[in-house]
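Text of protein_5.tsv, listed as TSV, C-alpha atoms:
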chain	number	residue	atom	x	y	z
E	20	MET	CA	-114.66	-158.18	80.43
E	21	ALA	CA	-113.87	-161.75	81.50
E	22	ARG	CA	-116.79	-164.15	81.53
E	23	GLU	CA	-117.78	-165.21	85.03
E	24	LEU	CA	-117.39	-168.93	85.56
E	25	THR	CA	-120.16	-171.12	86.93
E	26	PHE	CA	-119.67	-173.07	90.14
E	27	ALA	CA	-119.12	-176.25	88.13
E	28	GLN	CA	-116.53	-174.58	85.91
E	29	ASN	CA	-114.63	-173.32	88.95
E	30	VAL	CA	-114.61	-176.80	90.46
E	31	GLU	CA	-113.37	-178.25	87.18
E	32	ARG	CA	-110.76	-175.50	86.95
E	33	SER	CA	-109.44	-176.36	90.42
E	34	ILE	CA	-108.55	-179.83	89.14
E	35	ILE	CA	-106.20	-178.50	86.47
E	36	LYS	CA	-104.92	-175.49	88.40
E	37	THR	CA	-104.83	-175.94	92.18
E	38	TYR	CA	-104.56	-179.73	92.02
E	39	ARG	CA	-102.78	-180.16	88.72
E	40	LYS	CA	-99.79	-181.95	90.30
E	41	ASP	CA	-101.76	-184.17	92.67
E	42	ILE	CA	-104.86	-184.97	90.59
E	43	TRP	CA	-104.76	-183.94	86.95
E	44	ASN	CA	-101.24	-185.08	86.09
E	45	PRO	CA	-101.62	-188.52	87.77
E	46	PHE	CA	-105.01	-188.91	86.08
E	47	VAL	CA	-103.54	-188.23	82.64
E	48	GLU	CA	-100.54	-190.42	83.46
E	49	ALA	CA	-102.80	-193.39	84.20
E	50	CYS	CA	-104.85	-192.87	81.03
E	51	LYS	CA	-101.69	-192.79	78.90
E	52	ASN	CA	-99.48	-195.36	80.63
E	53	TYR	CA	-102.17	-198.01	80.91
E	54	LYS	CA	-103.83	-197.14	77.56
E	55	LEU	CA	-107.24	-196.75	79.16
E	56	ILE	CA	-108.91	-194.73	76.40
E	57	SER	CA	-108.89	-195.37	72.66
E	58	ALA	CA	-110.32	-193.44	69.73
E	59	GLY	CA	-114.00	-194.18	69.27
E	60	ASP	CA	-114.59	-195.42	72.81
E	61	ARG	CA	-118.00	-194.89	74.35
E	62	ILE	CA	-117.37	-194.78	78.08
E	63	ALA	CA	-119.98	-195.01	80.82
E	64	VAL	CA	-118.64	-193.08	83.82
E	65	CYS	CA	-120.19	-194.73	86.85
E	66	ILE	CA	-121.23	-192.36	89.63
E	67	SER	CA	-121.93	-193.79	93.08
E	68	GLY	CA	-122.44	-190.40	94.71
E	69	GLY	CA	-119.16	-190.39	96.62
E	70	LYS	CA	-116.20	-188.04	96.21
E	71	ASP	CA	-114.13	-190.41	94.06
E	72	SER	CA	-116.68	-191.12	91.35
E	73	VAL	CA	-117.73	-187.46	91.10
E	74	LEU	CA	-114.10	-186.35	90.76
E	75	LEU	CA	-113.69	-188.99	88.06
E	76	ALA	CA	-116.69	-187.57	86.21
E	77	MET	CA	-115.21	-184.05	86.33
E	78	CYS	CA	-111.82	-185.27	85.12
E	79	MET	CA	-113.36	-187.24	82.26
E	80	LYS	CA	-115.46	-184.24	81.22
E	81	HIS	CA	-112.37	-182.03	81.04
E	82	LEU	CA	-110.29	-184.65	79.24
E	83	GLN	CA	-112.96	-185.11	76.58
E	84	LYS	CA	-112.86	-181.38	75.79
E	85	HIS	CA	-109.10	-181.27	75.29
E	86	SER	CA	-108.05	-184.77	74.24
E	87	ASP	CA	-106.59	-185.49	70.80
E	88	VAL	CA	-108.30	-188.86	71.03
E	89	PRO	CA	-112.04	-188.59	70.27
E	90	PHE	CA	-114.31	-190.51	72.64
E	91	GLU	CA	-117.87	-190.28	73.95
E	92	LEU	CA	-119.10	-190.15	77.53
E	93	ARG	CA	-122.27	-191.16	79.31
E	94	PHE	CA	-122.71	-190.64	83.04
E	95	ILE	CA	-124.71	-193.33	84.80
E	96	CYS	CA	-125.70	-193.86	88.42
E	97	MET	CA	-127.34	-196.96	89.79
E	98	ASP	CA	-129.66	-196.46	92.75
E	99	PRO	CA	-129.35	-199.75	94.67
E	100	GLY	CA	-131.95	-198.66	97.22
E	101	TYR	CA	-130.71	-195.34	98.61
E	102	ASN	CA	-132.90	-193.50	101.06
E	103	HIS	CA	-134.50	-190.29	99.82
E	104	ALA	CA	-131.86	-188.01	101.34
E	105	ASN	CA	-128.94	-189.81	99.71
E	106	ARG	CA	-130.70	-190.03	96.35
E	107	ARG	CA	-131.44	-186.31	96.47
E	108	GLN	CA	-127.83	-185.50	97.47
E	109	ILE	CA	-126.55	-187.28	94.35
E	110	GLU	CA	-129.05	-185.47	92.13
E	111	MET	CA	-128.19	-182.05	93.59
E	112	ASN	CA	-124.44	-182.59	93.27
E	113	CYS	CA	-124.77	-183.61	89.63
E	114	GLU	CA	-126.97	-180.60	88.91
E	115	LYS	CA	-124.54	-178.26	90.68
E	116	LEU	CA	-121.52	-179.74	88.89
E	117	GLU	CA	-123.27	-179.90	85.50
E	118	ILE	CA	-122.94	-183.65	85.16
E	119	PRO	CA	-125.73	-185.03	82.93
E	120	VAL	CA	-126.28	-188.16	84.99
E	121	GLU	CA	-128.72	-190.91	84.08
E	122	ILE	CA	-130.05	-192.68	87.19
E	123	PHE	CA	-131.54	-196.16	87.09
E	124	GLU	CA	-132.89	-198.33	89.90
E	125	SER	CA	-132.05	-201.78	91.23
E	126	ASN	CA	-132.89	-203.77	94.37
E	127	ILE	CA	-129.33	-204.65	95.39
E	128	PHE	CA	-129.62	-203.42	98.98
E	129	ASP	CA	-132.70	-205.59	99.53
E	130	VAL	CA	-130.96	-208.66	98.08
E	131	THR	CA	-127.70	-208.24	100.00
E	132	THR	CA	-129.53	-207.51	103.26
E	133	SER	CA	-131.44	-210.78	103.09
E	134	ALA	CA	-128.53	-212.87	101.76
E	135	GLY	CA	-126.75	-213.20	105.11
E	136	GLY	CA	-123.01	-213.48	105.65
E	137	SER	CA	-120.73	-210.67	104.46
E	138	PRO	CA	-122.79	-208.41	102.18
E	139	CYS	CA	-119.98	-206.22	100.79
E	140	TYR	CA	-118.54	-208.74	98.32
E	141	LEU	CA	-121.97	-209.68	96.99
E	142	CYS	CA	-122.98	-206.02	96.74
E	143	ALA	CA	-119.84	-205.10	94.78
E	144	ARG	CA	-120.31	-207.96	92.31
E	145	MET	CA	-123.98	-207.17	91.79
E	146	ARG	CA	-123.29	-203.47	91.35
E	147	ARG	CA	-120.69	-204.16	88.69
E	148	GLY	CA	-122.99	-206.53	86.84
E	149	HIS	CA	-125.80	-203.97	86.76
E	150	LEU	CA	-123.41	-201.24	85.59
E	151	TYR	CA	-122.01	-203.41	82.80
E	152	ALA	CA	-125.51	-204.33	81.67
E	153	ARG	CA	-126.71	-200.73	81.66
E	154	ALA	CA	-123.58	-199.47	79.88
E	155	LYS	CA	-123.91	-202.10	77.17
E	156	GLU	CA	-127.61	-201.31	76.82
E	157	ILE	CA	-126.83	-197.66	76.01
E	158	GLY	CA	-124.10	-198.55	73.51
E	159	CYS	CA	-120.95	-198.17	75.61
E	160	ASN	CA	-117.92	-200.45	75.37
E	161	LYS	CA	-116.29	-199.43	78.67
E	162	ILE	CA	-117.26	-198.52	82.20
E	163	ALA	CA	-115.05	-196.17	84.26
E	164	LEU	CA	-114.91	-196.59	88.03
E	165	GLY	CA	-113.48	-194.22	90.64
E	166	HIS	CA	-110.96	-196.52	92.31
E	167	HIS	CA	-107.77	-194.62	93.16
E	168	LEU	CA	-104.18	-195.34	94.23
E	169	SER	CA	-105.16	-195.73	97.87
E	170	ASP	CA	-107.74	-198.38	96.93
E	171	VAL	CA	-105.04	-200.24	95.01
E	172	ILE	CA	-102.64	-200.21	97.96
E	173	GLU	CA	-105.28	-201.17	100.52
E	174	THR	CA	-106.62	-204.00	98.37
E	175	THR	CA	-103.12	-205.41	97.97
E	176	LEU	CA	-102.48	-205.38	101.73
E	177	MET	CA	-105.93	-206.77	102.55
E	178	GLY	CA	-105.24	-209.70	100.23
E	179	MET	CA	-102.00	-210.41	102.07
E	180	PHE	CA	-103.27	-209.95	105.62
E	181	TYR	CA	-106.73	-211.49	105.34
E	182	GLY	CA	-106.79	-213.49	102.10
E	183	SER	CA	-103.39	-215.21	102.22
E	184	GLN	CA	-102.58	-214.08	98.70
E	185	LEU	CA	-100.67	-211.46	96.76
E	186	GLN	CA	-103.27	-209.88	94.49
E	187	ALA	CA	-103.39	-206.38	93.09
E	188	MET	CA	-106.12	-204.32	91.43
E	189	LEU	CA	-105.61	-203.83	87.68
E	190	PRO	CA	-106.09	-200.43	86.00
E	191	LYS	CA	-108.22	-202.09	83.33
E	192	LEU	CA	-109.71	-205.50	82.70
E	193	LYS	CA	-111.99	-207.29	80.28
E	194	SER	CA	-115.41	-208.40	81.42
E	195	THR	CA	-115.86	-212.15	81.57
E	196	ASN	CA	-119.67	-211.96	81.46
E	197	PHE	CA	-120.29	-209.08	79.04
E	198	GLU	CA	-118.57	-209.67	75.72
E	199	GLY	CA	-116.65	-206.71	74.34
E	200	MET	CA	-116.89	-204.71	77.56
E	201	GLN	CA	-113.98	-203.39	79.60
E	202	LEU	CA	-113.57	-201.76	82.99
E	203	ILE	CA	-111.10	-198.88	83.41
E	204	ARG	CA	-109.82	-197.02	86.49
E	205	PRO	CA	-108.52	-193.59	85.38
E	206	LEU	CA	-107.84	-192.42	88.97
E	207	TYR	CA	-105.45	-195.34	89.45
E	208	CYS	CA	-102.45	-193.05	90.20
E	209	VAL	CA	-104.34	-190.47	92.31
E	210	ASN	CA	-103.92	-190.62	96.09
E	211	GLU	CA	-107.11	-190.41	98.15
E	212	LYS	CA	-105.58	-187.62	100.25
E	213	ALA	CA	-105.62	-185.41	97.15
E	214	VAL	CA	-109.27	-186.26	96.50
E	215	ILE	CA	-110.16	-185.24	100.06
E	216	LYS	CA	-108.28	-181.94	99.72
E	217	TRP	CA	-110.08	-181.22	96.42
E	218	ARG	CA	-113.44	-181.91	98.06
E	219	GLU	CA	-112.69	-179.63	101.00
E	220	TYR	CA	-111.23	-176.88	98.81
E	221	ASN	CA	-114.50	-176.68	96.86
E	222	ASN	CA	-116.75	-177.15	99.93
E	223	LEU	CA	-118.40	-180.19	98.40
E	224	GLU	CA	-120.52	-182.68	100.33
E	225	PHE	CA	-120.99	-186.23	99.15
E	226	ILE	CA	-122.71	-189.32	100.46
E	227	GLN	CA	-120.53	-191.95	102.08
E	228	CYS	CA	-121.09	-195.62	101.33
E	229	ALA	CA	-124.86	-195.15	101.99
E	230	CYS	CA	-125.03	-198.86	102.72
E	231	ARG	CA	-127.55	-199.99	105.32
E	232	PHE	CA	-124.71	-201.55	107.30
E	233	VAL	CA	-122.81	-198.28	107.73
E	234	ASP	CA	-124.79	-197.33	110.83
E	235	GLU	CA	-123.48	-200.42	112.57
E	236	TYR	CA	-119.89	-199.47	111.70
E	237	SER	CA	-120.34	-195.94	113.02
E	238	LYS	CA	-121.51	-197.29	116.40
E	239	SER	CA	-118.14	-198.95	116.93
E	240	GLN	CA	-116.12	-197.33	119.73
E	241	ASP	CA	-112.80	-197.74	117.91
E	242	GLY	CA	-113.96	-196.10	114.68
E	243	ILE	CA	-113.24	-199.25	112.70
E	244	GLY	CA	-116.22	-201.51	113.20
E	245	GLU	CA	-116.07	-204.48	110.88
E	246	SER	CA	-114.24	-202.59	108.13
E	247	LYS	CA	-110.89	-204.20	107.43
E	248	ARG	CA	-110.21	-201.55	104.80
E	249	GLN	CA	-110.46	-198.84	107.45
E	250	GLU	CA	-108.10	-200.85	109.61
E	251	ILE	CA	-105.57	-200.91	106.74
E	252	LYS	CA	-105.93	-197.14	106.29
E	253	PHE	CA	-104.97	-196.62	109.92
E	254	LEU	CA	-102.02	-198.98	109.57
E	255	ILE	CA	-100.66	-197.12	106.52
E	256	ASP	CA	-101.04	-193.76	108.26
E	257	ASP	CA	-99.11	-195.13	111.21
E	258	LEU	CA	-96.33	-196.52	108.98
E	259	LYS	CA	-96.00	-193.16	107.22
E	260	LYS	CA	-94.85	-191.58	110.47
E	261	THR	CA	-91.50	-193.36	110.12
E	262	ASN	CA	-91.59	-194.10	106.37
E	263	PRO	CA	-93.21	-191.27	104.37
E	264	ASP	CA	-92.66	-193.21	101.12
E	265	VAL	CA	-94.53	-196.32	102.20
E	266	GLU	CA	-97.53	-195.74	99.88
E	267	HIS	CA	-95.29	-195.04	96.90
E	268	ASN	CA	-93.22	-198.14	97.65
E	269	ILE	CA	-96.23	-200.45	97.94
E	270	PHE	CA	-97.67	-199.08	94.70
E	271	LYS	CA	-94.37	-199.48	92.83
E	272	SER	CA	-93.97	-203.03	94.17
E	273	ILE	CA	-96.98	-204.27	92.19
E	274	HIS	CA	-95.25	-202.93	89.07
E	275	ASN	CA	-92.02	-204.72	89.96
E	276	VAL	CA	-92.94	-208.33	90.79
E	277	LYS	CA	-90.06	-210.84	90.76
E	278	LEU	CA	-91.81	-214.12	89.94
E	279	ASP	CA	-88.51	-216.01	90.12
E	280	THR	CA	-88.51	-215.49	93.90
E	281	PHE	CA	-92.04	-216.82	94.53
E	282	ILE	CA	-92.81	-220.31	95.79
E	283	ALA	CA	-96.03	-220.51	93.80
E	284	TYR	CA	-98.28	-218.35	91.66
E	285	LYS	CA	-101.51	-218.65	89.72
E	286	GLN	CA	-101.91	-217.45	86.14
E	287	LYS	CA	-105.14	-217.65	84.14
E	288	GLY	CA	-106.54	-220.07	86.69
E	289	THR	CA	-103.58	-222.46	86.56
E	290	GLU	CA	-101.34	-222.92	89.57
E	291	HIS	CA	-97.57	-222.99	89.08
E	292	SER	CA	-94.73	-223.91	91.44
E	293	PHE	CA	-91.08	-222.87	91.50
E	294	LEU	CA	-90.32	-226.59	91.28
E	295	GLU	CA	-91.42	-226.58	87.63
E	296	GLU	CA	-88.25	-224.66	86.76
E	297	PHE	CA	-86.03	-226.18	89.43
E	298	GLU	CA	-83.26	-228.58	88.44
E	299	ASP	CA	-81.49	-230.76	90.98
E	300	ASP	CA	-77.73	-230.46	91.09
Can you give me the file's structure in the form of structure tokens?
Amino acid sequence: MARELTFAQNVERSIIKTYRKDIWNPFVEACKNYKLISAGDRIAVCISGGKDSVLLAMCMKHLQKHSDVPFELRFICMDPGYNHANRRQIEMNCEKLEIPVEIFESNIFDVTTSAGGSPCYLCARMRRGHLYARAKEIGCNKIALGHHLSDVIETTLMGMFYGSQLQAMLPKLKSTNFEGMQLIRPLYCVNEKAVIKWREYNNLEFIQCACRFVDEYSKSQDGIGESKRQEIKFLIDDLKKTNPDVEHNIFKSIHNVKLDTFIAYKQKGTEHSFLEEFEDD
């Protein structure tokens, strides 16, 4: 008689069965192509409570069981000041999905609320610093975040439209403030649409941003509020109506940069101009 699977096992199974093409294969592809995981790594999988980070945790759990490369996992979640309902939602999801999460507290929401200006950038930087510090404290050499292909595309376009720069999001990078630590993004090749389908298929409910500013965004009549990222999402969806490959093309473009055609670029903090290589006739 076949052993009955737990809810968590069924959810994990859906990743490699129902969503093998759209989630599991791109996940493995990113890990291999960008060399995200090495033998002996101790990786802190960072759980925010949203769909992306929880999917990442499930993928990493399954990979650890079947990988030829031995590595260790810890699952950490920073509570930046969630209300009770959001905190409890994270705890229940981790219990239900059999993720042994370790939650620690910080006061990031209080700090960013009182800082003034745009809080999102400050919040993101502070979150990452706390996660690096906690991961290093428990003996990890890497943190894994749940950024996916759609984040990569949107960040690239936001840099162009609102930052006057061409800047992508790397699949891994070395920490400049925590020696020996790296950040990896194993969902780098997974489209957000697939994550949403996986969530709905398994009837899972996750917290959204849970930021104290979200209520203000939701009051907006156009559904965008102050979120430029949401604006970019709408733009991409609109472009896909006439160009279904637009996401794929944007993603491939950051792997196919022709520096010879650029007026100027910055590398390791140093600015360069095409004039450096230009010779007058």
Next item on the list: Could you give me, as a list of chain:residue names, the residues that have an atom at most 9 Å away from the point (-100.8, -196.1, 102.3) in the coordinates of the file, using all atoms listed in the file?
Entry: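 The answer, in the requested form, is E:Leu168, E:Ser169, E:Ile172, E:Glu173, E:Asn210, E:Ile251, E:Lys252, E:Phe253, E:Leu254, E:Ile255, E:Asp256, E:Leu258, E:Lys259, E:Asp264, E:Val265, E:Glu266, E:His267, E:Ile269, E:Phe270.
Note that the spacing between atom CA of E:Arg107 and atom CA of E:Leu206 amounts to 25.5 Å.
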Note to self: Restricting the calculation to all atoms listed in the file: of E:His274, E:Arg61, E:Lys155, E:Lys70, which residue gets closest to E:Cys113?
What the structure shows: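 Of E:His274, E:Arg61, E:Lys155, E:Lys70, the one nearest E:Cys113, counting all atoms listed in the file, is E:Lys70.
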Next item on the list: Measuring atom to atom with all atoms listed in the file, identify which of E:Phe94, E:Phe180, E:Tyr220, E:Tyr207 is nearest to E:Arg153.
Entry: E:Phe94
Next item on the list: Give the answer as one residue: which of E:Arg93, E:Arg106, E:Arg144, E:Arg248 has the shortest atom-to-atom distance to E:Gly158, using all atoms listed in the file?
Entry: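 Ranking E:Arg93, E:Arg106, E:Arg144, E:Arg248 by distance to E:Gly158, first place goes to E:Arg93.
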Margin query: Under the rule that only C-alpha atoms are counted, which of E:Gln227, E:Val209, E:Leu116, E:Ser246 is the nearest residue to E:Lys40?
Written below: E:Val209
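Considering the residues E:Ser72, E:Ser57, E:Ser67, E:Asn275 and counting only C-alpha atoms, E:Arg218 has its shortest atom-to-atom contact with E:Ser72.
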Item checked: Nearby residues, (-120.1, -195.6, 77.1) file frame, 6 Å, only C-alpha atoms, as a ChimeraX atom specification -> /E:61-63,92-93,154,159-161
Margin query: With distances taken over all atoms listed in the file, which residue among E:Phe297, E:Phe281, E:Phe90, E:Trp217 lies nearest E:Glu31?
Written below: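 Between E:Phe297, E:Phe281, E:Phe90, E:Trp217, the residue approaching E:Glu31 most closely is E:Trp217.
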Margin query: At a cut-off of 9 Å, using all atoms listed in the file, what residues contact E:Asn221? Leave out same-chain residues fewer than 4 positions from it and give the result as a list in words.
Written below: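 Within the cut-off, the hits are Asn29, Val30, Ser33, Lys216 and Trp217 of chain E.
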Take the selection from the previous step and output its residues with C-alpha atoms, as a short mmCIF file (atom, residue, chain, number, x, y, z; two decimals), in the coordinates of the input.
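And here's out.cif as it stands now:
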data_model
loop_
_atom_site.label_atom_id
_atom_site.label_comp_id
_atom_site.auth_asym_id
_atom_site.auth_seq_id
_atom_site.Cartn_x
_atom_site.Cartn_y
_atom_site.Cartn_z
CA ASN E 29 -114.63 -173.32 88.95
CA VAL E 30 -114.61 -176.80 90.46
CA SER E 33 -109.44 -176.36 90.42
CA LYS E 216 -108.28 -181.94 99.72
CA TRP E 217 -110.08 -181.22 96.42
#
